[in-house]
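Please read the structure below before turning to the comments.
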Amino acid sequence: MTDRPSPPHSPKGRGSSALLEARNVSRVFGSGAQATIALENFSLTVSGETSSFTAIAGESGSGKTTLARLLLGFTIPTSGEVLYRGKNLWKMSRAEWLRFRREVQAIFQDPFEVFNPFYKVDHLLTVPVAKLQLAKTRAQARDLIEAALTAVGLRPEETLGRYPHQLSGGQRQRITVARALLLRPRLIIADEPVSMVDASLRTTILESLKTLHTEFGISFVYITHDLTTAYQICQNIIVLYRGEVAEVGDVELVIKSPQHPYSQLLISSIPEPVVDDRWDDDQAPPARRSHQAPGARLSIRRPMSVRHADVQ
Amino acid sequence: MRIGDQILDGMRSHQNGTSISAMVDRLPELLAAIGLQRHVLRLYPHELSGGMKQRVCIAIAISAAPRVIIADEPTSALDVVVQRQIMQTLSNVQRRLEASILLVGHHMGLMAKFVDRVGVMYGGKLVEVGPVRDIFTDPKHPYTQLLISSLPSLVEKGTLRGIPGAPPSLLSPPSGCVFHPRCPKVMPTCSVDVPAQRTVGPSRTVACHLYD
């Protein structure tokens with residue numbers, strides 16, 4: 001227990017040491033009868049002192065991406081607040097906002113949409129260097145960019161000067177990882193970074209995320225629906241179910257003995273490469289939730305289980 | 001276009017002899033086969049979740065009672081719970097129609113759970129073909145072995161292993177065996193000769209110089 005890094009949730013009162021903190025955040029889309037609660041009463045603390053690797057897992061529509069957008073300050077919470085170094089994201093000065101933009105980086109799901117096809121891939125790397133004044137000279141900027149590309153396993157001479165269509169999905173996704181790294185952030189919020197990448201490259205990209213965590217001490221919030229990769233690279237996991245926290249805890253405990261019925265369902269749905277337990281003659285009703293409108297919640301809800309973590 | 005019209009659209013262009021009303025009468029049965037309720041027919045695509053939309057696609061595919069269904073990564077955009085539901089829907093439908101399914105995908109875990117026979121492709125060529133059980137218990141080709149072991153495990157931590165290198169360029173493929181630049185068991189002959197498909201067991205073939 002002692003050698004395990006502290007969980008990302010710290011009890012109230014130690015909030016001042018938090019790098020990024022979500023306090024009872026809710027986000028509702030629409031209003032009245034049409035309202036969809038995307039995220040309800042969510043709290044999370046990423047410590048500024050120790051680096052952590054936290055997974056947010058859940059099905060599509062469970063509020064994962066809404067959470068990423070709230071943490072990055074792209075979406076304003078309906079209630080509650082997101083604090084960066086103790087300050088509300090939406091009440092920060094321009095200087096604080098710039099610092100936040102540098103220290104908290106994002107990696108998104110789609111390595112195709114991130115790039116503008118009219119610019120060389122260099123564009124994605126040179127703009128943040130210029131905007132945040134990371135380098136004094138062109139040569140220095142080039143060195144920074146080349147170092148970041150090398151750190152994610154790309155060869156700069158084969159990557160720079162190319163257009164997005166000349167690179168594979170895996171290479172493009174690694175450029176977005178390099179871009180995040182370039183700014184020497186304290187925290188990277190990765191929203192499904194490998195779900196659109198080929199299976200053989202998936203592992204390589206995850207390995208480079210893990211290296212950034214161990215070598216540079218960068219904290220990660222890894223948003224995914226893939227529990228196997230979460231288990232392999234994360235310390236802690238938060239299972240979201242329809243906008244609410246279903247289960248929180250050490251990844252080893254949650255995966256090996258899930259308590260919430262939804263976590264159990266998620267884990268039992270993972271196709272392990274074992275031929276003995278076949279699913280093709282499984283007569284389980286395939287459309288358990290089909291009658292429900294997207295956003296409607298399952299009526300069987302049990303108290304959320306919390307382990308090794310304090311969640312308000 | 002509403003879901004019902006989308007399903008009818010496919011039926012109209014492929015079943016010339018049938019009357020429209022007979023087609024409309026078949027809709028509830030098609031929806032039942034994929035586990036959706038009747039009111040879905042009146043909805044628009046944006047009102048459906050990803051899993052429901054994929055089920056509707058299955059309904060369109062089976063509306064003409066096909067003998068073969070080619071499913072290209074049918075679940076790669078869906079989460080695991082919905083993935084399992086969709087795959088079960090597909091295999092239920094397959095049994096009902098007595099059709100064959102050609103499942104194209106990269107998820108070896110999914111293959112293990114659903115298919116009977118696996119063909120592993122690399123760089124535009126089949127490198128290994130065999131019954132699913134044999135492929136998983138005794139993979140012959142080094143690429144198949146790496147593909148299976150690169151799946152992140154839920155049992156043991158720290159077992160994350162990628163396949164080194166990058167997929168080959170198909171414009172200028174490597175000489176000899178396409179996999180040789182990434183192969184851990186590469187031999188001098190691999191960069192020269194293209195390996196032929198060899199039979200290595202009952203309904204099993206592999207293209208690798210290790211089995212020459």
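Chain labels follow the order of the structure tokens: the first chain is A, the next B, and so on; residue numbering restarts at 1 in every chain, and ligands are counted from 1 in their shown order.
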**Request:** Show me which bits of chain B are within 7 Å of chain A, counting only C-alpha atoms, as JSON, numbers by chain.
**Result:** {"B": [35, 36, 37, 49, 52, 79, 80, 81, 84, 85, 88, 89, 91, 106, 108, 109, 110, 112, 113, 114, 133, 147, 150, 152, 153, 154, 157, 158, 160, 161, 162, 163]}
**Prompt:** Skipping near chain neighbours, those fewer than 5 positions away, what residues fall within 12 Å of Ser31 in chain A using only C-alpha atoms, listed as a list in words?
**Reply:**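 The neighbour list is Thr36, Ile37 and Thr78 of chain A.
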**Contacts of Leu30 in chain B at 9 Å (only C-alpha atoms; same-chain gap of 2+ positions) as a count of residues only** = 12
**Fill in**
From CA of Ala141 in chain A to CA of Ser51 in chain A the spacing works out at 26.9 Å
**Request:** Using backbone DSSP assignments, extract all alpha helix (DSSP H) residues from range 100-145 of chain A; output them as number ranges by chain.
**Result:** A: 100-103, 122-131, 138-145
**Request:** For CA of Ala178 in chain A and CA of Leu154 in chain A, quote the distance in Å rounded to one decimal.
**Result:** 9.0 Å
**Request:** Could you please determine the separation between CA of Arg142 in chain A and CA of Asn116 in chain A in Å, to one decimal place?
**Result:**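 Interatomic distance, CA of Arg142 in chain A to CA of Asn116 in chain A: 20.5 Å.
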**Asked** Could you pull out all residues of range 44-178 of chain A with a DSSP call of strand (DSSP E or B) and give them as a list in words?
**Response** Leu44, Thr45, Val46, Ser47, Phe53, Thr54, Ala55, Ile56, Ala57, Ser79, Gly80, Glu81, Val82, Leu83, Tyr84, Lys87, Asn88, Val104, Gln105, Ala106 and Ile107 of chain A
Please produce an output containing N, CA, C and O atoms for each residue in the selection, written as a tab-separated table (two decimals), in the first residue's frame.
chain	number	residue	atom	x	y	z
A	44	LEU	N	-13.46	15.34	-8.72
A	44	LEU	CA	-12.19	14.68	-9.02
A	44	LEU	C	-11.07	15.65	-8.66
A	44	LEU	O	-11.19	16.85	-8.89
A	45	THR	N	-10.01	15.14	-8.08
A	45	THR	CA	-8.86	15.99	-7.79
A	45	THR	C	-7.61	15.38	-8.40
A	45	THR	O	-7.36	14.20	-8.21
A	46	VAL	N	-6.89	16.18	-9.15
A	46	VAL	CA	-5.59	15.75	-9.64
A	46	VAL	C	-4.55	16.52	-8.84
A	46	VAL	O	-4.52	17.75	-8.89
A	47	SER	N	-3.75	15.81	-8.08
A	47	SER	CA	-2.80	16.44	-7.19
A	47	SER	C	-1.71	17.18	-7.96
A	47	SER	O	-1.29	16.76	-9.03
A	53	PHE	N	-2.09	8.50	-12.59
A	53	PHE	CA	-2.61	8.02	-13.88
A	53	PHE	C	-4.01	7.48	-13.59
A	53	PHE	O	-4.18	6.42	-13.01
A	54	THR	N	-5.01	8.27	-13.95
A	54	THR	CA	-6.38	7.93	-13.61
A	54	THR	C	-7.17	7.58	-14.86
A	54	THR	O	-7.09	8.30	-15.85
A	55	ALA	N	-7.92	6.52	-14.80
A	55	ALA	CA	-8.79	6.16	-15.92
A	55	ALA	C	-10.21	6.57	-15.61
A	55	ALA	O	-10.66	6.48	-14.47
A	56	ILE	N	-10.89	7.12	-16.64
A	56	ILE	CA	-12.33	7.35	-16.53
A	56	ILE	C	-12.95	6.39	-17.55
A	56	ILE	O	-12.71	6.53	-18.75
A	57	ALA	N	-13.71	5.42	-17.07
A	57	ALA	CA	-14.25	4.42	-17.98
A	57	ALA	C	-15.75	4.49	-18.00
A	57	ALA	O	-16.38	4.90	-17.03
A	79	SER	N	-23.66	23.42	-12.96
A	79	SER	CA	-23.47	23.75	-11.55
A	79	SER	C	-22.15	23.14	-11.10
A	79	SER	O	-21.61	22.27	-11.77
A	80	GLY	N	-21.66	23.61	-9.96
A	80	GLY	CA	-20.35	23.16	-9.50
A	80	GLY	C	-19.26	23.94	-10.21
A	80	GLY	O	-19.54	24.81	-11.03
A	81	GLU	N	-18.01	23.64	-9.89
A	81	GLU	CA	-16.93	24.40	-10.53
A	81	GLU	C	-15.70	23.54	-10.77
A	81	GLU	O	-15.46	22.56	-10.08
A	82	VAL	N	-14.94	23.96	-11.79
A	82	VAL	CA	-13.66	23.31	-12.07
A	82	VAL	C	-12.57	24.29	-11.67
A	82	VAL	O	-12.57	25.44	-12.13
A	83	LEU	N	-11.68	23.86	-10.79
A	83	LEU	CA	-10.66	24.75	-10.27
A	83	LEU	C	-9.28	24.34	-10.77
A	83	LEU	O	-8.94	23.16	-10.76
A	84	TYR	N	-8.52	25.33	-11.23
A	84	TYR	CA	-7.13	25.10	-11.61
A	84	TYR	C	-6.28	25.85	-10.62
A	84	TYR	O	-6.39	27.08	-10.50
A	87	LYS	N	-8.31	28.14	-8.56
A	87	LYS	CA	-9.09	29.21	-9.19
A	87	LYS	C	-10.09	28.64	-10.18
A	87	LYS	O	-9.74	27.74	-10.96
A	88	ASN	N	-11.29	29.17	-10.17
A	88	ASN	CA	-12.31	28.73	-11.10
A	88	ASN	C	-11.86	29.03	-12.54
A	88	ASN	O	-11.45	30.15	-12.86
A	104	VAL	N	-2.08	22.09	-18.82
A	104	VAL	CA	-3.07	21.04	-18.99
A	104	VAL	C	-3.30	20.85	-20.49
A	104	VAL	O	-3.80	21.75	-21.16
A	105	GLN	N	-2.90	19.72	-21.00
A	105	GLN	CA	-2.98	19.46	-22.43
A	105	GLN	C	-3.99	18.37	-22.74
A	105	GLN	O	-4.37	17.60	-21.87
A	106	ALA	N	-4.39	18.32	-24.00
A	106	ALA	CA	-5.39	17.33	-24.39
A	106	ALA	C	-4.90	16.49	-25.55
A	106	ALA	O	-4.14	16.96	-26.40
A	107	ILE	N	-5.32	15.23	-25.55
A	107	ILE	CA	-5.14	14.37	-26.73
A	107	ILE	C	-6.54	13.85	-27.05
A	107	ILE	O	-7.23	13.34	-26.16
Could you pull the residues within 8 Å of His141 in chain B, counting only C-alpha atoms, minus those fewer than 6 positions along the same chain, as a PDB file with C-alpha atoms, in the first residue's frame?
ATOM      1  CA  VAL B 127      -0.316 -15.311 -43.772  1.00  0.00           C
ATOM      2  CA  GLU B 128      -2.221 -17.958 -41.844  1.00  0.00           C
ATOM      3  CA  VAL B 206       0.631 -20.829 -43.078  1.00  0.00           C
ATOM      4  CA  ALA B 207       2.958 -18.744 -45.246  1.00  0.00           C
ATOM      5  CA  CYS B 208       6.260 -18.628 -43.366  1.00  0.00           C
TER       6      CYS B 208
END
**Asked** When distances are computed from only C-alpha atoms, which of B:His46, B:His39, B:Ser100, B:Phe136 shows the smallest separation from Ala65 in chain B?
**Response**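 Ranking B:His46, B:His39, B:Ser100, B:Phe136 by distance to Ala65 in chain B, first place goes to B:Ser100.
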**Prompt:** Hey, what's within 6 Å of range 240-244 of chain A if we count only C-alpha atoms and toss same-chain stuff fewer than 5 positions away? As a list in words, please?
**Reply:** Ala38, Leu39, Glu40, Ala57, Gly58, Ser62 and Gly63 of chain A
**Request:** For each of A:Leu167, A:Val194, A:Ile237, A:Val129, take the minimum atom-to-atom distance to Ala180 in chain A, counting only C-alpha atoms, then give the residue where this is smallest.
**Result:**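 Under the stated criterion, the closest residue is A:Val129.
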